[in-house]
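**Q** Dropping the structure in here first, questions after.
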Amino acid sequence: MQEALVAAGHPGCQQGNGIFIKPCVQQEVDFYHRLLEKDSPLLDVVPVFMGTLVSGAKKAHDQLLLNEDLEQIDPDQFSQLASDGELSIVLRDELVGFVKPTIADIKLGFRLWDEMAPAAKKQRLDNVSKTTTSGSLGFRIAGMSVVLPDGSRKVFDKQFGREPTAENINDYLVQLFPQVENEYVWAVIDSIVQRIEHIIECLKLEPTKMYSCSLLIIYEGSLSDLQAKIEHQYQAEPEQDSDTDGDLEDEPAMVTVKLIDFAHSTLASEPDLQVIEGLNNVSKHLMPNTIEDIREFVELASRKDVKSVIIKTNSDSSTKFKLRGHRFVYTLNVESAERAKKIRESLPPGLDIVDISSKAPKFAI
């Protein structure tokens, strides 16, 4: 076991041998048990619950993990990490399979406290919400650990996440993707948005109250490994219709998006609209803006912050254009091949053009 690689908070977390150990409160364990008892749709969008530890004492969930499977944990080592009697939850390690994972922890919700919080804590958290994007957007960057193009890692702490406003949040989110001009990274962004939409649907099916939970985003930060994995996936499924937009769902070592941190979460009688709105806003600030006016699209292509355009021609002769600016991705869909040709000819000289045919390696665009 070793100290866990995390994006925010959570002192005392450990990982190794495919498991992740985090100090927790009983309410979080109870929340996982309730999901398991109900066979909840949320089980698809939260980490796999494997059991609990109390200062080295092993207790596994009998439906998911046999006690002997926890023998890989050294009780003496764990007891050095946890105070006497401290409860920890054991989850499947979401980083397994990633070579150099980039990680983001995004705190969700406008209100960050539950009814059991003391008055002083409520006041403090209300102030955090009012002075950050928690209050305006229903989400806040709690921390990021980002793999840079040279392979080094840059950590953005909670103070970084308290700086942005609703007006400039995109300038901060884009730092999660330092190689955002690459088409494979665009595939990652699209896949993250797809997964957020899936989480929202699951939350609508399972009413909850989740105060101060987080959205965990992980993607392969090594561009060469990301490209190799996507191309390997495509080559492994040559019979699949290559015109279908790629979904990275079958390859968790490329992209993983989960809900985490349920110390203040319970099942409820209706969906948690504040968390859903926060997720919608995360998706909105990550996903492309669709442009319908061709002249507007060409004008956007002339902006100084736009360096490249991706052009995907499908087998039905329709064409999708994508521009990446400093703050947004802009998308234009064109049905006519002749019109697409004219748009291409109208793009400003010097703009890097990346052609993707319908036979290209599968990834979402």
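Residue numbering restarts at 1 in every chain; chains get A, B, ... in the order shown in the structure tokens, and ligands count up from 1 in that same order.
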Counting only C-alpha atoms, what is within 7 Å of stretch 315-326 of chain A, bar same-chain residues fewer than 4 positions away, as a PDB file with N, CA and C atoms, in the first residue's frame?
**A**
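For reference, part_23.pdb as written:
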```
ATOM      1  N   GLU A 181      -5.556  20.925 -27.885  1.00  0.00           N
ATOM      2  CA  GLU A 181      -5.614  21.067 -29.341  1.00  0.00           C
ATOM      3  C   GLU A 181      -5.560  19.713 -30.047  1.00  0.00           C
ATOM      4  N   ASP A 243     -18.531   4.638 -38.879  1.00  0.00           N
ATOM      5  CA  ASP A 243     -19.146   5.961 -38.914  1.00  0.00           C
ATOM      6  C   ASP A 243     -19.831   6.302 -37.597  1.00  0.00           C
ATOM      7  N   ALA A 301     -13.059  31.127 -36.605  1.00  0.00           N
ATOM      8  CA  ALA A 301     -11.808  30.476 -37.013  1.00  0.00           C
ATOM      9  C   ALA A 301     -10.674  31.481 -37.177  1.00  0.00           C
ATOM     10  N   ASP A 305      -6.955  33.018 -30.680  1.00  0.00           N
ATOM     11  CA  ASP A 305      -6.812  31.877 -29.777  1.00  0.00           C
ATOM     12  C   ASP A 305      -7.174  30.552 -30.439  1.00  0.00           C
ATOM     13  N   VAL A 306      -7.655  30.591 -31.685  1.00  0.00           N
ATOM     14  CA  VAL A 306      -7.994  29.364 -32.411  1.00  0.00           C
ATOM     15  C   VAL A 306      -6.806  28.970 -33.280  1.00  0.00           C
ATOM     16  N   SER A 308      -6.391  25.505 -34.485  1.00  0.00           N
ATOM     17  CA  SER A 308      -6.604  24.346 -35.350  1.00  0.00           C
ATOM     18  C   SER A 308      -8.085  24.065 -35.532  1.00  0.00           C
ATOM     19  N   VAL A 309      -8.386  23.300 -36.560  1.00  0.00           N
ATOM     20  CA  VAL A 309      -9.744  22.850 -36.824  1.00  0.00           C
ATOM     21  C   VAL A 309      -9.683  21.363 -37.163  1.00  0.00           C
ATOM     22  N   ILE A 310     -10.611  20.608 -36.596  1.00  0.00           N
ATOM     23  CA  ILE A 310     -10.740  19.192 -36.940  1.00  0.00           C
ATOM     24  C   ILE A 310     -11.921  19.053 -37.890  1.00  0.00           C
ATOM     25  N   ILE A 311     -11.703  18.333 -38.982  1.00  0.00           N
ATOM     26  CA  ILE A 311     -12.749  18.118 -39.981  1.00  0.00           C
ATOM     27  C   ILE A 311     -12.979  16.623 -40.114  1.00  0.00           C
ATOM     28  N   TYR A 330     -16.126  24.925 -30.570  1.00  0.00           N
ATOM     29  CA  TYR A 330     -17.219  25.326 -31.456  1.00  0.00           C
ATOM     30  C   TYR A 330     -17.393  24.262 -32.538  1.00  0.00           C
ATOM     31  N   THR A 331     -18.632  23.827 -32.748  1.00  0.00           N
ATOM     32  CA  THR A 331     -18.927  22.757 -33.697  1.00  0.00           C
ATOM     33  C   THR A 331     -19.896  23.239 -34.764  1.00  0.00           C
ATOM     34  N   LEU A 332     -19.628  22.846 -36.000  1.00  0.00           N
ATOM     35  CA  LEU A 332     -20.517  23.140 -37.125  1.00  0.00           C
ATOM     36  C   LEU A 332     -20.760  21.845 -37.884  1.00  0.00           C
ATOM     37  N   ASN A 333     -22.022  21.492 -38.082  1.00  0.00           N
ATOM     38  CA  ASN A 333     -22.395  20.299 -38.842  1.00  0.00           C
ATOM     39  C   ASN A 333     -22.942  20.715 -40.206  1.00  0.00           C
ATOM     40  N   VAL A 334     -22.428  20.086 -41.250  1.00  0.00           N
ATOM     41  CA  VAL A 334     -22.826  20.423 -42.617  1.00  0.00           C
ATOM     42  C   VAL A 334     -23.217  19.142 -43.352  1.00  0.00           C
ATOM     43  N   GLU A 335     -24.392  19.146 -43.962  1.00  0.00           N
ATOM     44  CA  GLU A 335     -24.868  17.955 -44.669  1.00  0.00           C
ATOM     45  C   GLU A 335     -24.315  17.871 -46.089  1.00  0.00           C
ATOM     46  N   SER A 336     -24.137  19.006 -46.733  1.00  0.00           N
ATOM     47  CA  SER A 336     -23.724  19.037 -48.135  1.00  0.00           C
ATOM     48  C   SER A 336     -22.206  18.976 -48.269  1.00  0.00           C
ATOM     49  N   ALA A 337     -21.718  18.040 -49.087  1.00  0.00           N
ATOM     50  CA  ALA A 337     -20.281  17.926 -49.324  1.00  0.00           C
ATOM     51  C   ALA A 337     -19.749  19.159 -50.043  1.00  0.00           C
ATOM     52  N   ALA A 340     -19.430  21.943 -47.542  1.00  0.00           N
ATOM     53  CA  ALA A 340     -18.287  21.681 -46.663  1.00  0.00           C
ATOM     54  C   ALA A 340     -16.978  22.064 -47.352  1.00  0.00           C
ATOM     55  N   SER A 358     -14.080   8.867 -42.057  1.00  0.00           N
ATOM     56  CA  SER A 358     -14.918   7.910 -41.335  1.00  0.00           C
ATOM     57  C   SER A 358     -14.178   6.611 -41.074  1.00  0.00           C
TER      58      SER A 358
END
```
**Q** With only C-alpha atoms as the basis for distance, which of A:Gln2, A:Ser134, A:Thr102, A:Thr208 is at the shortest distance from A:Leu223?
**A**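 Closest to A:Leu223, using only C-alpha atoms: A:Thr102.
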**Q** DSSP on the backbone, strand (DSSP E or B) only: what residues of stretch 181-363 of chain A does that give? Format it as a PyMOL selection string.
**A** chain A and resi 208-210+214-220+255-260+265-267+289-290+308-313+319-324+329-334+352-357
**Q** Excluding A:Ala104 and its own-chain neighbours fewer than 2 positions away, which residues fall within 9 Å of it when counting only C-alpha atoms? Please give them as a list of chain:residue names.
**A** A:Val6, A:Ala7, A:Ala8, A:Thr102, A:Ile106, A:Ile141, A:Ala142, A:Gly143, A:Met144, A:Ser145, A:Val146, A:Leu176, A:Leu215, A:Leu216, A:Ile217, A:Ile218
**Q** Once DSSP has gone over the backbone, tell me which residues of stretch 115-331 of chain A are in helix (DSSP H, G or I), as a short mmCIF file (atom, residue, chain, number, x, y, z; two decimals) with N, CA and C atoms, in the first residue's frame.
**A**
```cif
data_model
loop_
_atom_site.label_atom_id
_atom_site.label_comp_id
_atom_site.auth_asym_id
_atom_site.auth_seq_id
_atom_site.Cartn_x
_atom_site.Cartn_y
_atom_site.Cartn_z
N ALA A 119 -24.03 25.23 13.54
CA ALA A 119 -24.30 26.55 12.96
C ALA A 119 -23.04 27.20 12.41
N ALA A 120 -21.93 27.07 13.13
CA ALA A 120 -20.69 27.70 12.68
C ALA A 120 -20.22 27.11 11.35
N LYS A 121 -20.37 25.80 11.20
CA LYS A 121 -19.97 25.16 9.95
C LYS A 121 -20.88 25.57 8.81
N LYS A 122 -22.18 25.67 9.09
CA LYS A 122 -23.11 26.12 8.06
C LYS A 122 -22.74 27.51 7.56
N GLN A 123 -22.42 28.39 8.50
CA GLN A 123 -22.07 29.75 8.12
C GLN A 123 -20.79 29.78 7.30
N ARG A 124 -19.81 28.98 7.71
CA ARG A 124 -18.53 28.95 6.98
C ARG A 124 -18.73 28.42 5.56
N LEU A 125 -19.49 27.34 5.42
CA LEU A 125 -19.70 26.75 4.10
C LEU A 125 -20.60 27.62 3.23
N ASP A 126 -21.53 28.33 3.84
CA ASP A 126 -22.34 29.28 3.07
C ASP A 126 -21.47 30.38 2.49
N ASN A 127 -20.48 30.81 3.27
CA ASN A 127 -19.57 31.84 2.78
C ASN A 127 -18.72 31.32 1.63
N VAL A 128 -18.28 30.05 1.73
CA VAL A 128 -17.53 29.44 0.62
C VAL A 128 -18.39 29.41 -0.63
N SER A 129 -19.65 29.02 -0.47
CA SER A 129 -20.54 28.94 -1.62
C SER A 129 -20.77 30.31 -2.26
N LYS A 130 -21.00 31.32 -1.42
CA LYS A 130 -21.29 32.66 -1.93
C LYS A 130 -20.11 33.28 -2.66
N THR A 133 -17.74 29.56 -7.30
CA THR A 133 -18.70 29.09 -8.30
C THR A 133 -19.66 28.05 -7.74
N SER A 134 -19.46 27.60 -6.50
CA SER A 134 -20.46 26.73 -5.87
C SER A 134 -21.80 27.46 -5.82
N GLY A 135 -21.76 28.73 -5.47
CA GLY A 135 -22.99 29.50 -5.35
C GLY A 135 -23.60 29.91 -6.67
N SER A 136 -22.78 30.13 -7.69
CA SER A 136 -23.29 30.62 -8.97
C SER A 136 -23.55 29.50 -9.98
N LEU A 137 -22.78 28.42 -9.90
CA LEU A 137 -22.89 27.35 -10.90
C LEU A 137 -23.24 25.99 -10.31
N LYS A 158 -7.07 23.55 -3.64
CA LYS A 158 -8.42 24.08 -3.46
C LYS A 158 -8.48 25.59 -3.62
N GLN A 159 -7.36 26.28 -3.34
CA GLN A 159 -7.35 27.72 -3.50
C GLN A 159 -7.52 28.10 -4.97
N PHE A 160 -6.92 27.31 -5.86
CA PHE A 160 -7.09 27.52 -7.30
C PHE A 160 -8.57 27.47 -7.66
N GLY A 161 -9.29 26.52 -7.08
CA GLY A 161 -10.70 26.36 -7.40
C GLY A 161 -11.60 27.42 -6.81
N ILE A 169 -14.88 30.72 -15.60
CA ILE A 169 -14.62 29.34 -15.16
C ILE A 169 -13.98 28.50 -16.27
N ASN A 170 -14.30 28.80 -17.53
CA ASN A 170 -13.72 28.02 -18.63
C ASN A 170 -12.21 28.17 -18.70
N ASP A 171 -11.70 29.35 -18.33
CA ASP A 171 -10.26 29.57 -18.33
C ASP A 171 -9.56 28.66 -17.32
N TYR A 172 -10.28 28.23 -16.31
CA TYR A 172 -9.72 27.36 -15.28
C TYR A 172 -9.92 25.88 -15.64
N LEU A 173 -11.11 25.54 -16.15
CA LEU A 173 -11.37 24.16 -16.53
C LEU A 173 -10.45 23.70 -17.66
N VAL A 174 -10.12 24.60 -18.58
CA VAL A 174 -9.31 24.21 -19.73
C VAL A 174 -7.92 23.75 -19.29
N GLN A 175 -7.49 24.15 -18.09
CA GLN A 175 -6.17 23.73 -17.61
C GLN A 175 -6.14 22.25 -17.23
N LEU A 176 -7.31 21.63 -17.19
CA LEU A 176 -7.38 20.19 -17.00
C LEU A 176 -6.92 19.45 -18.25
N GLU A 183 -6.72 16.04 -31.22
CA GLU A 183 -8.04 15.46 -31.47
C GLU A 183 -8.39 14.34 -30.51
N TYR A 184 -7.37 13.62 -30.01
CA TYR A 184 -7.66 12.54 -29.06
C TYR A 184 -8.11 13.10 -27.71
N VAL A 185 -7.58 14.24 -27.34
CA VAL A 185 -8.03 14.87 -26.10
C VAL A 185 -9.45 15.39 -26.26
N TRP A 186 -9.80 15.83 -27.45
CA TRP A 186 -11.19 16.23 -27.70
C TRP A 186 -12.10 15.02 -27.52
N ALA A 187 -11.63 13.86 -27.93
CA ALA A 187 -12.42 12.64 -27.72
C ALA A 187 -12.65 12.40 -26.24
N VAL A 188 -11.63 12.66 -25.44
CA VAL A 188 -11.76 12.51 -23.99
C VAL A 188 -12.83 13.46 -23.44
N ILE A 189 -12.80 14.70 -23.87
CA ILE A 189 -13.77 15.68 -23.38
C ILE A 189 -15.19 15.25 -23.74
N ASP A 190 -15.39 14.82 -24.97
CA ASP A 190 -16.71 14.35 -25.38
C ASP A 190 -17.15 13.16 -24.53
N SER A 191 -16.22 12.27 -24.24
CA SER A 191 -16.55 11.09 -23.45
C SER A 191 -16.90 11.47 -22.01
N ILE A 192 -16.19 12.44 -21.45
CA ILE A 192 -16.50 12.92 -20.10
C ILE A 192 -17.93 13.46 -20.06
N VAL A 193 -18.28 14.25 -21.07
CA VAL A 193 -19.63 14.82 -21.12
C VAL A 193 -20.68 13.71 -21.22
N GLN A 194 -20.42 12.69 -22.02
CA GLN A 194 -21.35 11.56 -22.13
C GLN A 194 -21.56 10.90 -20.77
N ARG A 195 -20.49 10.73 -20.04
CA ARG A 195 -20.58 10.07 -18.74
C ARG A 195 -21.33 10.93 -17.72
N ILE A 196 -21.13 12.23 -17.78
CA ILE A 196 -21.87 13.12 -16.89
C ILE A 196 -23.36 13.02 -17.18
N GLU A 197 -23.72 12.97 -18.44
CA GLU A 197 -25.13 12.83 -18.81
C GLU A 197 -25.70 11.52 -18.27
N HIS A 198 -24.90 10.46 -18.29
CA HIS A 198 -25.34 9.17 -17.75
C HIS A 198 -25.55 9.27 -16.24
N ILE A 199 -24.66 9.95 -15.55
CA ILE A 199 -24.80 10.14 -14.11
C ILE A 199 -26.10 10.88 -13.79
N ILE A 200 -26.39 11.90 -14.57
CA ILE A 200 -27.62 12.68 -14.36
C ILE A 200 -28.84 11.78 -14.50
N GLU A 201 -28.85 10.92 -15.50
CA GLU A 201 -29.98 10.01 -15.70
C GLU A 201 -30.12 9.06 -14.52
N CYS A 202 -29.01 8.58 -13.99
CA CYS A 202 -29.05 7.68 -12.83
C CYS A 202 -29.58 8.41 -11.59
N LEU A 203 -29.19 9.66 -11.42
CA LEU A 203 -29.67 10.45 -10.28
C LEU A 203 -31.17 10.69 -10.37
N LYS A 204 -31.69 10.79 -11.57
CA LYS A 204 -33.14 10.97 -11.74
C LYS A 204 -33.89 9.69 -11.38
N LEU A 205 -33.23 8.55 -11.56
CA LEU A 205 -33.86 7.27 -11.26
C LEU A 205 -33.78 6.91 -9.78
N LEU A 223 -0.38 11.30 -23.58
CA LEU A 223 -1.00 11.39 -24.90
C LEU A 223 -0.65 10.19 -25.77
N SER A 224 0.59 9.72 -25.69
CA SER A 224 0.98 8.57 -26.51
C SER A 224 0.22 7.32 -26.08
N ASP A 225 0.04 7.14 -24.77
CA ASP A 225 -0.70 5.98 -24.29
C ASP A 225 -2.18 6.11 -24.61
N LEU A 226 -2.72 7.32 -24.51
CA LEU A 226 -4.12 7.54 -24.86
C LEU A 226 -4.36 7.19 -26.32
N GLN A 227 -3.50 7.68 -27.19
CA GLN A 227 -3.64 7.40 -28.62
C GLN A 227 -3.53 5.90 -28.89
N ALA A 228 -2.57 5.25 -28.24
CA ALA A 228 -2.38 3.82 -28.46
C ALA A 228 -3.60 3.02 -28.00
N LYS A 229 -4.19 3.42 -26.89
CA LYS A 229 -5.36 2.70 -26.37
C LYS A 229 -6.56 2.88 -27.29
N ILE A 230 -6.76 4.10 -27.78
CA ILE A 230 -7.90 4.35 -28.67
C ILE A 230 -7.72 3.57 -29.97
N GLU A 231 -6.52 3.60 -30.52
CA GLU A 231 -6.27 2.89 -31.77
C GLU A 231 -6.37 1.38 -31.58
N HIS A 232 -5.92 0.89 -30.43
CA HIS A 232 -6.03 -0.55 -30.14
C HIS A 232 -7.49 -0.96 -30.04
N GLN A 233 -8.30 -0.12 -29.41
CA GLN A 233 -9.72 -0.42 -29.29
C GLN A 233 -10.37 -0.49 -30.67
N TYR A 234 -9.99 0.44 -31.53
CA TYR A 234 -10.55 0.46 -32.88
C TYR A 234 -10.14 -0.78 -33.66
N GLN A 235 -8.87 -1.13 -33.58
CA GLN A 235 -8.36 -2.28 -34.32
C GLN A 235 -8.94 -3.59 -33.80
N ALA A 236 -9.31 -3.61 -32.51
CA ALA A 236 -9.87 -4.82 -31.92
C ALA A 236 -11.31 -5.05 -32.34
N LEU A 248 -16.09 5.77 -25.41
CA LEU A 248 -14.98 5.16 -24.72
C LEU A 248 -15.43 4.34 -23.52
N GLU A 249 -16.72 4.03 -23.44
CA GLU A 249 -17.27 3.36 -22.27
C GLU A 249 -16.62 2.01 -22.02
N ASP A 250 -16.21 1.32 -23.09
CA ASP A 250 -15.67 -0.02 -22.94
C ASP A 250 -14.22 -0.01 -22.49
N LEU A 273 -31.94 18.09 -7.08
CA LEU A 273 -31.86 19.02 -8.21
C LEU A 273 -30.63 19.90 -8.16
N GLN A 274 -30.12 20.18 -6.95
CA GLN A 274 -28.95 21.06 -6.88
C GLN A 274 -27.71 20.34 -7.42
N VAL A 275 -27.60 19.05 -7.17
CA VAL A 275 -26.47 18.29 -7.71
C VAL A 275 -26.63 18.12 -9.22
N ILE A 276 -27.85 17.84 -9.66
CA ILE A 276 -28.11 17.68 -11.09
C ILE A 276 -27.80 18.97 -11.84
N GLU A 277 -28.19 20.11 -11.28
CA GLU A 277 -27.90 21.38 -11.94
C GLU A 277 -26.39 21.63 -11.99
N GLY A 278 -25.70 21.29 -10.91
CA GLY A 278 -24.25 21.44 -10.92
C GLY A 278 -23.60 20.59 -12.00
N LEU A 279 -24.07 19.35 -12.15
CA LEU A 279 -23.54 18.47 -13.19
C LEU A 279 -23.85 19.01 -14.58
N ASN A 280 -25.06 19.52 -14.76
CA ASN A 280 -25.41 20.11 -16.05
C ASN A 280 -24.49 21.28 -16.39
N ASN A 281 -24.14 22.05 -15.38
CA ASN A 281 -23.26 23.20 -15.62
C ASN A 281 -21.82 22.76 -15.92
N VAL A 282 -21.36 21.69 -15.26
CA VAL A 282 -20.04 21.15 -15.60
C VAL A 282 -20.03 20.73 -17.07
N SER A 283 -21.07 19.99 -17.46
CA SER A 283 -21.18 19.53 -18.84
C SER A 283 -21.24 20.69 -19.81
N LYS A 284 -22.02 21.70 -19.47
CA LYS A 284 -22.18 22.87 -20.33
C LYS A 284 -20.85 23.57 -20.57
N HIS A 285 -20.02 23.66 -19.54
CA HIS A 285 -18.76 24.38 -19.68
C HIS A 285 -17.64 23.52 -20.26
N LEU A 286 -17.91 22.23 -20.45
CA LEU A 286 -16.95 21.36 -21.12
C LEU A 286 -17.33 21.08 -22.56
N ILE A 294 -22.76 29.70 -40.83
CA ILE A 294 -21.45 29.43 -41.43
C ILE A 294 -20.53 30.64 -41.33
N ARG A 295 -21.08 31.83 -41.59
CA ARG A 295 -20.25 33.03 -41.52
C ARG A 295 -19.69 33.23 -40.12
N GLU A 296 -20.52 32.99 -39.10
CA GLU A 296 -20.06 33.12 -37.72
C GLU A 296 -18.93 32.12 -37.43
N PHE A 297 -19.08 30.90 -37.96
CA PHE A 297 -18.06 29.88 -37.73
C PHE A 297 -16.72 30.29 -38.36
N VAL A 298 -16.77 30.80 -39.58
CA VAL A 298 -15.55 31.22 -40.27
C VAL A 298 -14.90 32.39 -39.53
N GLU A 299 -15.72 33.29 -39.00
CA GLU A 299 -15.19 34.42 -38.23
C GLU A 299 -14.50 33.93 -36.96
N LEU A 300 -15.11 32.93 -36.30
CA LEU A 300 -14.51 32.36 -35.10
C LEU A 300 -13.15 31.73 -35.42
N ALA A 301 -13.06 31.13 -36.60
CA ALA A 301 -11.81 30.48 -37.01
C ALA A 301 -10.67 31.48 -37.18
#
```
**Q** Can you work out the spacing between atom CA of A:Asp293 and atom CA of A:Glu338 in Å, to one decimal?
**A**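 Atom CA of A:Glu338 lies at a distance of 16.2 Å from atom CA of A:Asp293.
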**Q** In Å, how far is it from atom CA of A:Cys24 to atom CA of A:Gly221?
**A**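 Taking atom CA of A:Cys24 and atom CA of A:Gly221, their separation equals 28.6 Å.
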**Q** Rank nothing, just name the residue among A:Tyr219, A:Asn182, A:Arg34, A:Met287 nearest to A:Pro101, using only C-alpha atoms.
**A**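 Of A:Tyr219, A:Asn182, A:Arg34, A:Met287, the one nearest A:Pro101, counting only C-alpha atoms, is A:Tyr219.
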**Q** Can you work out which one of A:Ala166, A:Leu108, A:Ile21, A:Leu35 has the shortest atom-to-atom distance to A:Met50, counting only C-alpha atoms?
**A**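 Counting only C-alpha atoms, the residue closest to A:Met50 is A:Ile21.
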**Q** How many Å separate atom CA of A:Asp272 from atom CA of A:Lys209?
**A**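 Computing it gives 5.4 Å between the two atoms.
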